[in-house]
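Asks: Before we start, here is the structure in question, set down as structure tokens.
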Number of protein chains: 2
Amino acid sequence: MTEVHLGHRFGDVLVTVLDVDGQPLSDREVTVEQRAHDFSFGNIGFELIALASGESDEAAGLADLWLDVFNTATLPFYWGPFEPQRGRPDTERLHRAAKWFVDRGCRVKGHPLLWHTLTADWLREASTDEVEAAVRARIRREVADFADVVDAWDAINEAVIMPVFANERQRNAITRLAWERGRIATVRLAFDEARAADPAATLLINDFDLSTAYECLIEGVLAAGIRVDAIGLQTHMHQGYWGEEKTLAILDRFARFGLPIHLTETSLVSGTVMPPEIEDLNDYQPESWPSTPAGEQRQADEIVRHYRLLLSHPCVQAITYWGLSDDGAWLGAPSGLVRADGTPKPAYDALRALLKQEWWLAPTKLRTDDAGRVHIRGFLGDYLLQHADHTASVAVSAPGMSRTRARLRPRSEHGHQAAATWR
Amino acid sequence: MTEVHLGHRFGDVLVTVLDVDGQPLSDREVTVEQRAHDFSFGNIGFELIALASGESDEAAGLADLWLDVFNTATLPFYWGPFEPQRGRPDTERLHRAAKWFVDRGCRVKGHPLLWHTLTADWLREASTDEVEAAVRARIRREVADFADVVDAWDAINEAVIMPVFANERQRNAITRLAWERGRIATVRLAFDEARAADPAATLLINDFDLSTAYECLIEGVLAAGIRVDAIGLQTHMHQGYWGEEKTLAILDRFARFGLPIHLTETSLVSGTVMPPEIEDLNDYQPESWPSTPAGEQRQADEIVRHYRLLLSHPCVQAITYWGLSDDGAWLGAPSGLVRADGTPKPAYDALRALLKQEWWLAPTKLRTDDAGRVHIRGFLGDYLLQHADHTASVAVSAPGMSRTRARLRPRSEHGHQAAATWR
């Protein structure tokens, strides 16, 4: 059944296996196993920064859990915390953290280059022209400084509400900029600067507002000639799982633009769900919000339904879950996949089973034919062929049948398998 | 107090009054009185079409009430009712009705050229290319046929929801067009055709959705280079008066585009208000929805507060109330200013007092100085100067002080005073 709905996620490759001398390896047993998903199964890497930057190894256990399931890390570039004092950005530490993920075969995404929340407080008194100049410089700086390790950015976050954001005591400088210049001009500014600093980066527009407002904004941005590489949709489901029908209707509305869709911020709670009358999720932060056995089972069921549905839609290219552990989770919600005590919840196990068992080709023995050929069918991604102590890499990179050759080499000659592009 | 908040609605003109021979009329008594408002105080003219087109004089009493307060008539061009059979549009009758209003000094606005509701049912089976061609032809035809009597159009109505409109059993052709082509392309189509057919017409985009979605759409439309002459905001307040704070916040958000704002559809009920949980006003149509004495008093208070607030905002250029009588009112609501039995409600009297007394210069005696000058200060509009049986027209057309000359002529030489532009 899975394959019926997920056909576009699978590819078939007829591989001619060559021996070290370049001759077809006829009628021999080889083992093939998947090494990586093309699809971006991401999570935030916030919790691993101290470990990844070499400051502490407290989170070593969490890191193992993280790396066993996810292949894409979102790292935080909130301007305020990143550059609390003007001119002293936290570049070095975060670059070490990003490199740590890259060294482990992960892609890294930066979040966000421009947002009105958690922005630099020291900009509040600046003139709007100064704010614009500072924003441009900051975007250029971050994108250039991280071009070797970060290959995707939320260029702008929550532009729909940005100019009219009012949930704060005093209006921040970014909201003022967006109010005075307009949303599209502000989006253009972020994309222009990021694009100039790293033409190879994947640049997203990202929003929690999935109403017609966001559709209208995207239409306007595209009509204005701004190149957007992917549409980011936040899906923080603190008020309960949305269900397949609603989720699919949203995907269909945003698929209309012909751009890849990234589910940039996904969360499901394993405790009481937030009351439906709350409009801004930030307005509900109870003192205690425990994870419960029933809630954990529900979360496990829902995460599988959610990922299954998302993968069934051809436009979806990436899903980022928002947080691994309940310890320090956003809003204090039990939205992690791991309890505060470090033990995996059922949702962790369920997601791992989906991504690394059901949607994964475990080591499988195949026999080459007379011409040295084997047929690999699997989820799009990177595969390893083995014969004795020789190996070869094979990519299953598109749906449908393709042909390729793979030459076996001594195992030690292979470098690390990194899936470095957003396919 | 009124003048403090409405200063931009008043002008001062120092008029040098000339006698029939062109000599200054020194030290004489003249009478000055207002004849028309520049500001568009509109209402729909639907209820007067039978009368105005010469089919029936049943509504004669209603017509007197209408003309005593309003100067701008919105006439219905809903495609379905206007052209129930393809190729047989209701042009002639509606043109007679429009002419009737123009002959009485009123401006006429057409509503709407493109809308997914009440659209032509016979388009449902057509291909999207055929739908587009039919839409273009229909817009060109109506705008050209009415160019002599209609000077403003809602070029497109409710484009925010248009492509995703789902409150119907079977998807209509206009929703399909907007879904396939996109909102901005659909807006462009309507404006392009209307503009080509009558370059002098005032073309509006109009919506009930006053959320950020509409802001985003307008930004996109403007970024795409589409010339919009005014932004139309619907304010059907069946769920209760919004109050000054909310209304002002909305005006401020839409004033940001630097375009005139028209309150195109205004209503306040004089009975029970609709429950707040209703999302689509169309979903609440009780069998009986009576006007009550308490409701009528509330409506009278609210209409004055509403108009006062709207006029205080410099961007507001027009207000159209939606319906004069409760008889046949939209949704069966007691939103009229006149009861079903034809007697004026307190809201009618209150609005008339505001527009024709408080914001109006009644006949006033002034004395010219040695140089023949009098100072007229009044609401922007047209004024009549009288001296004995001679008269002269004076326009107070901009805030601040200006000077002009007015030459008296025998009364019979004056033509009709029509305020024909949207100033």
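The chains in the structure tokens are called A, B, ... from first to last as shown; in each chain the residues are counted from 1, and the ligands are counted from 1 in the order shown.
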Within 6 Å of region 26-40 of chain A, counting only C-alpha atoms, which residues show up once you throw out same-chain ones fewer than 2 positions away? Write them as a ChimeraX atom specification, please.

Replies: /A:24,42,72,318,361-372,380-387

Asks: Using N, CA and C atoms, can you write the selected residues to a file as a CSV table (one decimal), in the first residue's frame?

Replies:
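Output below, filename part11.csv:
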```csv
chain,number,residue,atom,x,y,z
A,24,PRO,N,32.6,-6.5,-15.9
A,24,PRO,CA,31.3,-6.9,-15.3
A,24,PRO,C,31.5,-8.1,-14.3
A,42,GLY,N,14.3,16.4,8.8
A,42,GLY,CA,15.1,17.3,9.6
A,42,GLY,C,14.6,17.4,11.0
A,72,THR,N,19.0,16.4,8.5
A,72,THR,CA,19.0,17.8,8.2
A,72,THR,C,18.8,18.6,9.5
A,318,ALA,N,10.8,18.4,2.1
A,318,ALA,CA,11.5,18.4,3.4
A,318,ALA,C,10.5,18.5,4.6
A,361,LEU,N,15.9,0.6,2.8
A,361,LEU,CA,16.3,-0.7,2.3
A,361,LEU,C,17.5,-1.2,3.2
A,362,ALA,N,17.1,-2.2,4.0
A,362,ALA,CA,18.1,-2.8,4.9
A,362,ALA,C,19.1,-3.6,4.0
A,363,PRO,N,20.3,-4.0,4.5
A,363,PRO,CA,21.2,-4.8,3.7
A,363,PRO,C,20.5,-6.0,3.1
A,364,THR,N,20.6,-6.1,1.8
A,364,THR,CA,19.8,-7.1,1.1
A,364,THR,C,20.7,-7.8,0.1
A,365,LYS,N,20.7,-9.2,0.1
A,365,LYS,CA,21.5,-9.9,-0.9
A,365,LYS,C,20.9,-10.0,-2.2
A,366,LEU,N,21.6,-9.7,-3.3
A,366,LEU,CA,21.1,-9.8,-4.6
A,366,LEU,C,22.2,-10.6,-5.4
A,367,ARG,N,21.8,-11.2,-6.6
A,367,ARG,CA,22.8,-11.9,-7.4
A,367,ARG,C,22.9,-11.2,-8.7
A,368,THR,N,24.0,-10.8,-9.2
A,368,THR,CA,24.2,-10.2,-10.5
A,368,THR,C,23.9,-11.2,-11.6
A,369,ASP,N,23.4,-10.7,-12.7
A,369,ASP,CA,23.1,-11.7,-13.9
A,369,ASP,C,24.4,-11.9,-14.7
A,370,ASP,N,24.3,-12.5,-15.8
A,370,ASP,CA,25.4,-12.8,-16.7
A,370,ASP,C,26.2,-11.5,-17.1
A,371,ALA,N,25.4,-10.4,-17.2
A,371,ALA,CA,26.1,-9.2,-17.6
A,371,ALA,C,26.5,-8.3,-16.4
A,372,GLY,N,26.4,-8.9,-15.2
A,372,GLY,CA,26.8,-8.3,-14.0
A,372,GLY,C,25.8,-7.3,-13.4
A,380,LEU,N,14.3,7.1,-2.8
A,380,LEU,CA,15.3,7.9,-3.4
A,380,LEU,C,16.4,8.2,-2.3
A,381,GLY,N,17.6,8.0,-2.7
A,381,GLY,CA,18.7,8.2,-1.7
A,381,GLY,C,20.0,7.6,-2.2
A,382,ASP,N,20.9,7.4,-1.3
A,382,ASP,CA,22.2,6.9,-1.6
A,382,ASP,C,22.3,5.4,-1.0
A,383,TYR,N,22.9,4.6,-1.8
A,383,TYR,CA,23.0,3.2,-1.5
A,383,TYR,C,24.5,2.7,-1.6
A,384,LEU,N,24.7,1.6,-0.9
A,384,LEU,CA,26.1,1.0,-0.9
A,384,LEU,C,26.0,-0.4,-1.4
A,385,LEU,N,26.8,-0.7,-2.4
A,385,LEU,CA,26.9,-2.1,-2.9
A,385,LEU,C,28.1,-2.7,-2.2
A,386,GLN,N,28.1,-3.9,-1.8
A,386,GLN,CA,29.3,-4.6,-1.2
A,386,GLN,C,29.5,-6.0,-1.9
A,387,HIS,N,30.7,-6.2,-2.1
A,387,HIS,CA,31.1,-7.6,-2.6
A,387,HIS,C,32.4,-7.9,-2.0
```

Asks: Considering only C-alpha atoms, tabulate each residue of chain A that lies at most 8 Å from chain B along with its nearest interatomic pair and the corresponding distance in Å to one decimal; arrange the rows by chain and ascending residue number and present them as a tab-separated table.

Replies:
```
residue	atom	partner	partner_atom	distance
A:Val160	CA	B:Thr212	CA	6.7
A:Ile161	CA	B:Thr212	CA	7.1
A:Val164	CA	B:Arg253	CA	7.9
A:Gly182	CA	B:Glu219	CA	7.4
A:Arg183	CA	B:Glu219	CA	7.4
A:Ile184	CA	B:Glu219	CA	6.9
A:Ser211	CA	B:Ala213	CA	7.6
A:Thr212	CA	B:Ala213	CA	5.7
A:Ala213	CA	B:Ala213	CA	3.2
A:Tyr214	CA	B:Ala213	CA	6.8
A:Glu215	CA	B:Ala213	CA	8.0
A:Cys216	CA	B:Leu217	CA	4.8
A:Leu217	CA	B:Cys216	CA	4.8
A:Glu219	CA	B:Gly220	CA	6.6
A:Gly220	CA	B:Gly220	CA	3.4
A:Val221	CA	B:Gly220	CA	6.5
A:Ala223	CA	B:Ala224	CA	5.5
A:Ala224	CA	B:Ala223	CA	5.5
```

Asks: Can you pull out the residues contacting region 299-301 of chain B? Cut-off 7 Å, using only C-alpha atoms, and skip same-chain residues under 4 positions away; I want them as a PyMOL selection string.

Replies: chain B and resi 268-270+295+305+346-347+350

Asks: Excluding Gly271 (chain B) and any residue of its chain fewer than 3 positions from it, enumerate the residues within 10 Å of it, using only C-alpha atoms, and give them as a PyMOL selection string.

Replies: chain B and resi 238+240+268+274+289-299+333-335

Asks: Just the strand (DSSP E or B) stuff from region 194-400 of chain A, please, per backbone DSSP, written as JSON, numbers by chain.

Replies: {"A": [202, 203, 204, 205, 206, 207, 230, 231, 232, 233, 234, 235, 236, 237, 261, 262, 263, 264, 265, 266, 267, 268, 316, 317, 318, 319, 320, 321, 325, 338, 344, 364, 365, 366, 367, 373, 374, 375, 376, 377, 378, 379, 381, 382, 383, 384, 385, 386, 387, 390, 391, 392, 393, 394, 395, 396]}

Asks: Between A:Ile226, A:Ala59, A:Thr128, A:Leu123, which residue has the minimum interatomic distance to Arg86 (chain A), considering only C-alpha atoms?

Replies: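 Residue with the minimum atom-to-atom distance to Arg86 (chain A): A:Leu123.
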
Asks: May I have all residues of region 42-145 of chain A that DSSP, computed from the backbone, assigns to alpha helix (DSSP H), given as a PyMOL selection string?

Replies: chain A and resi 49-52+60-69+79-82+91-103+128-145

Asks: Deliver the residues from the most recent selection as a file, using N, CA and C atoms, as a compact mmCIF listing (two decimals), in the first residue's frame.

Replies:
```txt
# COMPACT_ATOMS: atom_id res chain seq x y z
N ILE A 49 23.96 22.15 20.09
CA ILE A 49 24.98 23.15 19.77
C ILE A 49 26.15 23.11 20.75
N ALA A 50 25.84 22.98 22.03
CA ALA A 50 26.93 22.95 23.02
C ALA A 50 27.86 21.77 22.76
N LEU A 51 27.24 20.64 22.46
CA LEU A 51 28.03 19.45 22.12
C LEU A 51 28.78 19.64 20.79
N ALA A 52 28.05 20.09 19.79
CA ALA A 52 28.61 20.16 18.44
C ALA A 52 29.70 21.23 18.33
N ALA A 60 25.47 13.96 24.58
CA ALA A 60 25.96 12.90 23.70
C ALA A 60 24.89 11.85 23.39
N GLY A 61 24.13 11.48 24.42
CA GLY A 61 23.07 10.49 24.21
C GLY A 61 22.01 11.01 23.26
N LEU A 62 21.65 12.27 23.44
CA LEU A 62 20.65 12.90 22.59
C LEU A 62 21.16 12.97 21.14
N ALA A 63 22.44 13.22 21.01
CA ALA A 63 23.03 13.31 19.67
C ALA A 63 22.91 11.98 18.94
N ASP A 64 23.13 10.91 19.64
CA ASP A 64 23.00 9.59 19.00
C ASP A 64 21.57 9.37 18.50
N LEU A 65 20.61 9.73 19.36
CA LEU A 65 19.21 9.58 18.95
C LEU A 65 18.91 10.47 17.74
N TRP A 66 19.44 11.68 17.79
CA TRP A 66 19.20 12.64 16.69
C TRP A 66 19.75 12.06 15.38
N LEU A 67 21.00 11.68 15.40
CA LEU A 67 21.66 11.25 14.16
C LEU A 67 21.11 9.94 13.62
N ASP A 68 20.48 9.17 14.46
CA ASP A 68 19.95 7.89 14.01
C ASP A 68 18.69 8.05 13.15
N VAL A 69 18.05 9.22 13.24
CA VAL A 69 16.79 9.42 12.50
C VAL A 69 16.88 10.55 11.49
N TRP A 79 18.44 37.01 15.37
CA TRP A 79 19.41 38.10 15.39
C TRP A 79 19.79 38.55 16.80
N GLY A 80 18.77 38.69 17.68
CA GLY A 80 19.04 39.17 19.04
C GLY A 80 20.03 38.27 19.78
N PRO A 81 19.70 37.00 19.95
CA PRO A 81 20.63 36.11 20.64
C PRO A 81 21.93 35.90 19.88
N PHE A 82 21.91 35.98 18.54
CA PHE A 82 23.10 35.72 17.75
C PHE A 82 24.09 36.87 17.84
N THR A 91 29.37 33.92 15.50
CA THR A 91 29.68 33.19 14.27
C THR A 91 30.52 31.93 14.52
N GLU A 92 31.58 32.09 15.28
CA GLU A 92 32.55 31.00 15.39
C GLU A 92 31.95 29.74 16.01
N ARG A 93 31.24 29.95 17.12
CA ARG A 93 30.65 28.82 17.82
C ARG A 93 29.61 28.13 16.94
N LEU A 94 28.78 28.92 16.28
CA LEU A 94 27.73 28.32 15.47
C LEU A 94 28.31 27.65 14.22
N HIS A 95 29.39 28.20 13.73
CA HIS A 95 30.02 27.58 12.58
C HIS A 95 30.59 26.21 12.95
N ARG A 96 31.18 26.13 14.11
CA ARG A 96 31.67 24.81 14.58
C ARG A 96 30.52 23.82 14.68
N ALA A 97 29.40 24.30 15.21
CA ALA A 97 28.23 23.41 15.35
C ALA A 97 27.73 22.95 13.98
N ALA A 98 27.66 23.88 13.05
CA ALA A 98 27.17 23.52 11.71
C ALA A 98 28.10 22.50 11.06
N LYS A 99 29.40 22.73 11.24
CA LYS A 99 30.41 21.83 10.66
C LYS A 99 30.27 20.42 11.24
N TRP A 100 29.97 20.36 12.52
CA TRP A 100 29.78 19.07 13.19
C TRP A 100 28.68 18.26 12.48
N PHE A 101 27.58 18.93 12.15
CA PHE A 101 26.48 18.25 11.46
C PHE A 101 26.92 17.83 10.04
N VAL A 102 27.57 18.74 9.35
CA VAL A 102 28.02 18.43 7.98
C VAL A 102 28.97 17.23 7.99
N ASP A 103 29.85 17.21 8.95
CA ASP A 103 30.81 16.10 9.06
C ASP A 103 30.11 14.76 9.29
N THR A 128 14.77 54.19 10.01
CA THR A 128 14.39 53.06 9.16
C THR A 128 15.44 52.81 8.08
N ASP A 129 16.05 53.84 7.57
CA ASP A 129 17.13 53.65 6.60
C ASP A 129 18.29 52.88 7.24
N GLU A 130 18.62 53.25 8.48
CA GLU A 130 19.69 52.53 9.18
C GLU A 130 19.31 51.08 9.43
N VAL A 131 18.04 50.87 9.78
CA VAL A 131 17.57 49.49 10.01
C VAL A 131 17.76 48.69 8.73
N GLU A 132 17.34 49.27 7.62
CA GLU A 132 17.46 48.54 6.35
C GLU A 132 18.92 48.21 6.05
N ALA A 133 19.79 49.18 6.23
CA ALA A 133 21.22 48.95 5.96
C ALA A 133 21.77 47.86 6.87
N ALA A 134 21.37 47.90 8.14
CA ALA A 134 21.85 46.89 9.09
C ALA A 134 21.33 45.50 8.74
N VAL A 135 20.07 45.43 8.33
CA VAL A 135 19.48 44.14 7.94
C VAL A 135 20.23 43.58 6.73
N ARG A 136 20.45 44.44 5.75
CA ARG A 136 21.15 43.97 4.55
C ARG A 136 22.55 43.46 4.91
N ALA A 137 23.25 44.19 5.72
CA ALA A 137 24.62 43.81 6.08
C ALA A 137 24.63 42.51 6.88
N ARG A 138 23.67 42.38 7.78
CA ARG A 138 23.62 41.18 8.61
C ARG A 138 23.33 39.94 7.74
N ILE A 139 22.41 40.08 6.80
CA ILE A 139 22.08 38.93 5.94
C ILE A 139 23.29 38.55 5.09
N ARG A 140 23.92 39.54 4.48
CA ARG A 140 25.12 39.26 3.67
C ARG A 140 26.18 38.56 4.51
N ARG A 141 26.40 39.08 5.72
CA ARG A 141 27.44 38.53 6.58
C ARG A 141 27.18 37.07 6.93
N GLU A 142 25.99 36.78 7.44
CA GLU A 142 25.70 35.41 7.87
C GLU A 142 25.75 34.44 6.68
N VAL A 143 25.16 34.82 5.59
CA VAL A 143 25.10 33.89 4.45
C VAL A 143 26.51 33.65 3.91
N ALA A 144 27.31 34.69 3.85
CA ALA A 144 28.69 34.50 3.37
C ALA A 144 29.52 33.69 4.37
N ASP A 145 29.40 34.01 5.65
CA ASP A 145 30.21 33.32 6.67
C ASP A 145 29.89 31.83 6.77
```

Asks: Closest to Gly45 (chain A) among A:Val316, A:Val17, A:Val108, A:Ala255, using only C-alpha atoms?

Replies: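 Result for the nearest residue to Gly45 (chain A): A:Val108.
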
Asks: Within 6 Å of Ile205 (chain A), counting only C-alpha atoms, which residues show up once you throw out same-chain ones fewer than 4 positions away? Write them as number ranges by chain, please.

Replies: A: 154, 156, 231-232

Asks: Need to verify the contact set: Thr247 (chain A), 10 Å, only C-alpha atoms, exclusion of same-chain residues closer than 3 positions in sequence. Can you return it as a PyMOL selection string?

Replies: chain A and resi 235+241-244+250-252+306+309-310
